[in-house]
$ cat input-v1.txt   # compact mmCIF, N, CA and C atoms
# COMPACT_ATOMS: atom_id res chain seq x y z
N MET A 5 42.96 224.94 -128.44
CA MET A 5 42.65 226.11 -127.65
C MET A 5 42.39 227.28 -128.60
N ARG A 6 41.29 227.95 -128.43
CA ARG A 6 40.92 229.07 -129.29
C ARG A 6 41.37 230.39 -128.68
N GLN A 7 42.07 231.17 -129.46
CA GLN A 7 42.51 232.47 -128.98
C GLN A 7 41.42 233.50 -129.20
N TYR A 8 41.25 234.36 -128.24
CA TYR A 8 40.23 235.40 -128.33
C TYR A 8 40.89 236.72 -128.68
N ILE A 9 40.57 237.24 -129.83
CA ILE A 9 41.05 238.55 -130.24
C ILE A 9 39.84 239.48 -130.29
N PRO A 10 39.80 240.46 -129.42
CA PRO A 10 38.63 241.34 -129.39
C PRO A 10 38.53 242.17 -130.66
N LYS A 11 37.32 242.38 -131.10
CA LYS A 11 37.08 243.21 -132.28
C LYS A 11 36.65 244.60 -131.84
N ILE A 12 37.24 245.59 -132.48
CA ILE A 12 36.92 246.98 -132.19
C ILE A 12 35.84 247.43 -133.17
N ASN A 13 34.80 248.05 -132.65
CA ASN A 13 33.72 248.53 -133.47
C ASN A 13 33.46 250.00 -133.14
N VAL A 14 33.64 250.87 -134.12
CA VAL A 14 33.47 252.30 -133.90
C VAL A 14 32.01 252.67 -133.63
N LYS A 15 31.09 251.79 -133.96
CA LYS A 15 29.68 252.04 -133.69
C LYS A 15 29.39 252.05 -132.19
N ASN A 16 30.30 251.51 -131.38
CA ASN A 16 30.14 251.50 -129.93
C ASN A 16 30.60 252.80 -129.28
N PHE A 17 30.86 253.83 -130.05
CA PHE A 17 31.33 255.12 -129.54
C PHE A 17 30.27 255.69 -128.60
N ASN A 18 30.66 255.96 -127.34
CA ASN A 18 29.71 256.48 -126.37
C ASN A 18 30.40 257.47 -125.43
N VAL A 19 29.73 257.84 -124.35
CA VAL A 19 30.26 258.83 -123.44
C VAL A 19 31.54 258.33 -122.76
N PHE A 20 31.65 257.04 -122.51
CA PHE A 20 32.87 256.50 -121.89
C PHE A 20 34.07 256.61 -122.84
N THR A 21 33.82 256.46 -124.11
CA THR A 21 34.88 256.63 -125.10
C THR A 21 35.36 258.08 -125.11
N VAL A 22 34.43 259.00 -125.04
CA VAL A 22 34.78 260.43 -125.03
C VAL A 22 35.60 260.75 -123.78
N LEU A 23 35.17 260.27 -122.62
CA LEU A 23 35.92 260.54 -121.39
C LEU A 23 37.32 259.92 -121.44
N SER A 24 37.42 258.74 -121.99
CA SER A 24 38.73 258.09 -122.10
C SER A 24 39.65 258.85 -123.04
N LEU A 25 39.10 259.29 -124.16
CA LEU A 25 39.91 260.06 -125.10
C LEU A 25 40.32 261.40 -124.50
N LEU A 26 39.44 262.02 -123.73
CA LEU A 26 39.79 263.28 -123.06
C LEU A 26 40.91 263.08 -122.04
N ALA A 27 40.87 261.98 -121.30
CA ALA A 27 41.94 261.68 -120.35
C ALA A 27 43.26 261.46 -121.08
N LEU A 28 43.21 260.73 -122.18
CA LEU A 28 44.42 260.47 -122.97
C LEU A 28 45.00 261.78 -123.52
N ILE A 29 44.16 262.60 -124.09
CA ILE A 29 44.61 263.88 -124.64
C ILE A 29 45.13 264.80 -123.54
N ALA A 30 44.45 264.81 -122.39
CA ALA A 30 44.89 265.66 -121.28
C ALA A 30 46.26 265.23 -120.77
N GLY A 31 46.50 263.91 -120.70
CA GLY A 31 47.80 263.43 -120.24
C GLY A 31 48.93 263.81 -121.18
N VAL A 32 48.71 263.63 -122.47
CA VAL A 32 49.74 263.98 -123.46
C VAL A 32 49.94 265.50 -123.50
N ALA A 33 48.84 266.24 -123.47
CA ALA A 33 48.94 267.71 -123.50
C ALA A 33 49.65 268.24 -122.25
N PHE A 34 49.34 267.67 -121.09
CA PHE A 34 50.00 268.09 -119.86
C PHE A 34 51.50 267.87 -119.94
N TYR A 35 51.90 266.69 -120.41
CA TYR A 35 53.33 266.40 -120.50
C TYR A 35 54.02 267.34 -121.48
N LEU A 36 53.43 267.52 -122.66
CA LEU A 36 54.05 268.41 -123.66
C LEU A 36 54.11 269.85 -123.17
N TYR A 37 53.05 270.31 -122.50
CA TYR A 37 53.05 271.67 -121.96
C TYR A 37 54.14 271.84 -120.91
N TRP A 38 54.21 270.90 -119.98
CA TRP A 38 55.16 271.03 -118.88
C TRP A 38 56.60 270.97 -119.37
N VAL A 39 56.87 270.07 -120.30
CA VAL A 39 58.23 269.97 -120.83
C VAL A 39 58.56 271.19 -121.69
N GLY A 40 57.57 271.73 -122.39
CA GLY A 40 57.81 272.94 -123.17
C GLY A 40 58.06 274.15 -122.29
N ARG A 41 57.39 274.19 -121.16
CA ARG A 41 57.53 275.33 -120.24
C ARG A 41 58.80 275.21 -119.40
N TYR A 42 59.10 274.01 -118.95
CA TYR A 42 60.28 273.76 -118.13
C TYR A 42 61.11 272.65 -118.77
N PRO A 43 61.96 272.98 -119.75
CA PRO A 43 62.70 271.95 -120.51
C PRO A 43 63.62 271.08 -119.64
N GLU A 44 64.08 271.59 -118.53
CA GLU A 44 64.97 270.80 -117.68
C GLU A 44 64.21 269.73 -116.89
N ALA A 45 62.89 269.74 -116.92
CA ALA A 45 62.08 268.80 -116.13
C ALA A 45 61.58 267.62 -116.95
N TRP A 46 62.14 267.35 -118.13
CA TRP A 46 61.62 266.29 -118.98
C TRP A 46 61.76 264.91 -118.34
N GLY A 47 62.68 264.71 -117.45
CA GLY A 47 62.87 263.42 -116.80
C GLY A 47 62.36 263.37 -115.38
N ASP A 48 61.59 264.35 -114.98
CA ASP A 48 61.08 264.43 -113.61
C ASP A 48 60.03 263.34 -113.37
N ILE A 49 60.19 262.58 -112.30
CA ILE A 49 59.28 261.47 -112.01
C ILE A 49 57.88 261.98 -111.67
N GLY A 50 57.76 263.17 -111.15
CA GLY A 50 56.45 263.73 -110.84
C GLY A 50 55.61 263.97 -112.10
N ILE A 51 56.26 264.42 -113.16
CA ILE A 51 55.57 264.64 -114.43
C ILE A 51 55.11 263.30 -115.00
N TYR A 52 55.98 262.30 -114.93
CA TYR A 52 55.61 260.98 -115.42
C TYR A 52 54.44 260.40 -114.64
N SER A 53 54.44 260.60 -113.32
CA SER A 53 53.38 260.00 -112.51
C SER A 53 52.02 260.59 -112.85
N ILE A 54 51.93 261.87 -113.08
CA ILE A 54 50.66 262.49 -113.46
C ILE A 54 50.26 262.07 -114.87
N THR A 55 51.23 262.04 -115.77
CA THR A 55 50.95 261.66 -117.16
C THR A 55 50.46 260.22 -117.24
N VAL A 56 51.09 259.31 -116.52
CA VAL A 56 50.71 257.90 -116.56
C VAL A 56 49.30 257.70 -116.01
N VAL A 57 48.95 258.43 -114.95
CA VAL A 57 47.62 258.31 -114.37
C VAL A 57 46.54 258.74 -115.37
N LEU A 58 46.85 259.62 -116.28
CA LEU A 58 45.89 260.06 -117.28
C LEU A 58 45.94 259.22 -118.55
N VAL A 59 47.13 258.87 -119.01
CA VAL A 59 47.27 258.21 -120.31
C VAL A 59 46.85 256.74 -120.27
N ILE A 60 47.28 256.00 -119.28
CA ILE A 60 46.95 254.56 -119.25
C ILE A 60 45.45 254.31 -119.14
N PRO A 61 44.73 254.97 -118.22
CA PRO A 61 43.27 254.77 -118.23
C PRO A 61 42.63 255.26 -119.52
N GLY A 62 43.20 256.28 -120.14
CA GLY A 62 42.67 256.75 -121.42
C GLY A 62 42.78 255.70 -122.51
N ILE A 63 43.91 255.04 -122.58
CA ILE A 63 44.11 253.99 -123.59
C ILE A 63 43.23 252.78 -123.30
N ILE A 64 43.28 252.31 -122.06
CA ILE A 64 42.50 251.12 -121.70
C ILE A 64 41.00 251.39 -121.81
N GLY A 65 40.56 252.56 -121.35
CA GLY A 65 39.14 252.89 -121.43
C GLY A 65 38.64 253.00 -122.86
N THR A 66 39.46 253.56 -123.73
CA THR A 66 39.07 253.66 -125.14
C THR A 66 38.93 252.28 -125.76
N ILE A 67 39.89 251.42 -125.51
CA ILE A 67 39.83 250.07 -126.08
C ILE A 67 38.63 249.31 -125.53
N LEU A 68 38.42 249.37 -124.22
CA LEU A 68 37.30 248.64 -123.62
C LEU A 68 35.94 249.16 -124.07
N SER A 69 35.82 250.46 -124.24
CA SER A 69 34.52 251.01 -124.62
C SER A 69 34.20 250.76 -126.09
N LEU A 70 35.20 250.50 -126.92
CA LEU A 70 34.97 250.26 -128.32
C LEU A 70 34.89 248.77 -128.68
N MET A 71 35.16 247.89 -127.73
CA MET A 71 35.12 246.46 -128.02
C MET A 71 33.68 246.01 -128.24
N GLU A 72 33.54 245.04 -129.15
CA GLU A 72 32.22 244.47 -129.40
C GLU A 72 31.82 243.60 -128.22
N LYS A 73 30.57 243.67 -127.85
CA LYS A 73 30.06 242.83 -126.78
C LYS A 73 29.75 241.45 -127.36
N SER A 74 30.31 240.42 -126.75
CA SER A 74 30.07 239.06 -127.25
C SER A 74 28.76 238.51 -126.67
N GLU A 75 28.08 237.71 -127.45
CA GLU A 75 26.79 237.14 -127.06
C GLU A 75 26.92 235.63 -126.88
N ASP A 76 27.93 235.20 -126.11
CA ASP A 76 28.17 233.75 -125.94
C ASP A 76 27.09 233.08 -125.15

$ encode --input "input-v1.txt" --output "structure tokens"
Amino acid sequence: MRQYIPKINVKNFNVFTVLSLLALIAGVAFYLYWVGRYPEAWGDIGIYSITVVLVIPGIIGTILSLMEKSED
């Protein structure tokens, strides 16, 4: 059985990569801003829910947009 390990190629950088990186940065920046402004809210589930909605698609979108397209 052959394992498939996707290869990342920076030459595939496109508008989807930019949007994914912006979502990732926005999620991290939102969390850091909110916790810096309201230190007692670092464990608030509402902050986590907004951050996760931005960060996870940012990570997955970046990886998917940079993967090499296979020509099988």

$ closest_residue --input "input-v1.txt" --among "A:Trp46, A:Gly40, A:Ile64, A:Lys73" --to "Asn13 of chain A" --atoms "all atoms listed in the file"
A:Lys73

$ atom_distance --input "input-v1.txt" --atom1 "atom C of Ala27 of chain A" --atom2 "atom N of Glu44 of chain A"
23.3 Å

$ closest_residue --input "input-v1.txt" --among "A:Ile9, A:Ala30, A:Leu25, A:Val14" --to "Thr55 of chain A" --atoms "all atoms listed in the file"
A:Ala30

$ closest_residue --input "input-v1.txt" --among "A:Leu68, A:Ala45, A:Val32, A:Ile54" --to "Phe20 of chain A" --atoms "all atoms listed in the file"
A:Leu68

$ atom_distance --input "input-v1.txt" --atom1 "atom C of Ser69 of chain A" --atom2 "atom N of Val57 of chain A"
20.0 Å

$ closest_residue --input "input-v1.txt" --among "A:Gly47, A:Tyr42, A:Val59, A:Met71" --to "Ile29 of chain A" --atoms "all atoms listed in the file"
A:Val59

$ atom_distance --input "input-v1.txt" --atom1 "atom CA of Pro10 of chain A" --atom2 "atom C of Gly31 of chain A"
26.0 Å

$ axis_aligned_box --input "input-v1.txt" --around "segment 34-42 of chain A" --padding-each-side "3 Å" --output "lines of an AutoDock Vina configuration file"
center_x = 55.2
center_y = 270.9
center_z = -120.9
size_x = 17.8
size_y = 14.9
size_z = 11.5

$ decode --input "input-v1.txt" --residues "segment 22-64 of chain A" --atoms "C-alpha atoms" --output "mmCIF file, in the first residue's frame"
data_model
loop_
_atom_site.group_PDB
_atom_site.id
_atom_site.type_symbol
_atom_site.label_atom_id
_atom_site.label_comp_id
_atom_site.auth_asym_id
_atom_site.auth_seq_id
_atom_site.Cartn_x
_atom_site.Cartn_y
_atom_site.Cartn_z
ATOM 1 C CA VAL A 22 -4.219 35.050 0.716
ATOM 2 C CA LEU A 23 -7.804 34.715 1.980
ATOM 3 C CA SER A 24 -6.882 31.700 4.091
ATOM 4 C CA LEU A 25 -3.902 33.473 5.611
ATOM 5 C CA LEU A 26 -6.064 36.530 6.334
ATOM 6 C CA ALA A 27 -8.616 34.337 8.128
ATOM 7 C CA LEU A 28 -5.844 32.696 10.149
ATOM 8 C CA ILE A 29 -4.293 36.029 11.102
ATOM 9 C CA ALA A 30 -7.701 37.532 11.916
ATOM 10 C CA GLY A 31 -8.528 34.629 14.240
ATOM 11 C CA VAL A 32 -5.254 34.848 16.146
ATOM 12 C CA ALA A 33 -5.380 38.656 16.262
ATOM 13 C CA PHE A 34 -8.986 38.608 17.508
ATOM 14 C CA TYR A 35 -8.133 36.194 20.309
ATOM 15 C CA LEU A 36 -5.022 38.121 21.379
ATOM 16 C CA TYR A 37 -6.877 41.445 21.260
ATOM 17 C CA TRP A 38 -9.836 40.179 23.248
ATOM 18 C CA VAL A 39 -7.717 38.503 25.910
ATOM 19 C CA GLY A 40 -5.510 41.594 26.134
ATOM 20 C CA ARG A 41 -8.532 43.847 26.545
ATOM 21 C CA TYR A 42 -10.465 41.562 28.905
ATOM 22 C CA PRO A 43 -7.914 39.346 30.734
ATOM 23 C CA GLU A 44 -10.597 37.551 32.754
ATOM 24 C CA ALA A 45 -12.197 36.233 29.523
ATOM 25 C CA TRP A 46 -9.282 34.039 28.371
ATOM 26 C CA GLY A 47 -11.295 30.856 28.974
ATOM 27 C CA ASP A 48 -14.596 32.115 27.586
ATOM 28 C CA ILE A 49 -16.165 29.607 25.182
ATOM 29 C CA GLY A 50 -17.540 32.423 23.018
ATOM 30 C CA ILE A 51 -14.035 33.680 22.261
ATOM 31 C CA TYR A 52 -12.903 30.159 21.388
ATOM 32 C CA SER A 53 -15.877 29.612 19.086
ATOM 33 C CA ILE A 54 -15.140 32.723 17.015
ATOM 34 C CA THR A 55 -11.406 32.018 16.967
ATOM 35 C CA VAL A 56 -11.875 28.400 15.852
ATOM 36 C CA VAL A 57 -14.213 29.442 13.027
ATOM 37 C CA LEU A 58 -11.448 31.683 11.673
ATOM 38 C CA VAL A 59 -8.296 29.697 12.463
ATOM 39 C CA ILE A 60 -9.237 26.184 11.315
ATOM 40 C CA PRO A 61 -10.420 27.222 7.827
ATOM 41 C CA GLY A 62 -7.337 29.426 7.613
ATOM 42 C CA ILE A 63 -5.003 26.511 8.275
ATOM 43 C CA ILE A 64 -6.861 24.026 6.081
#
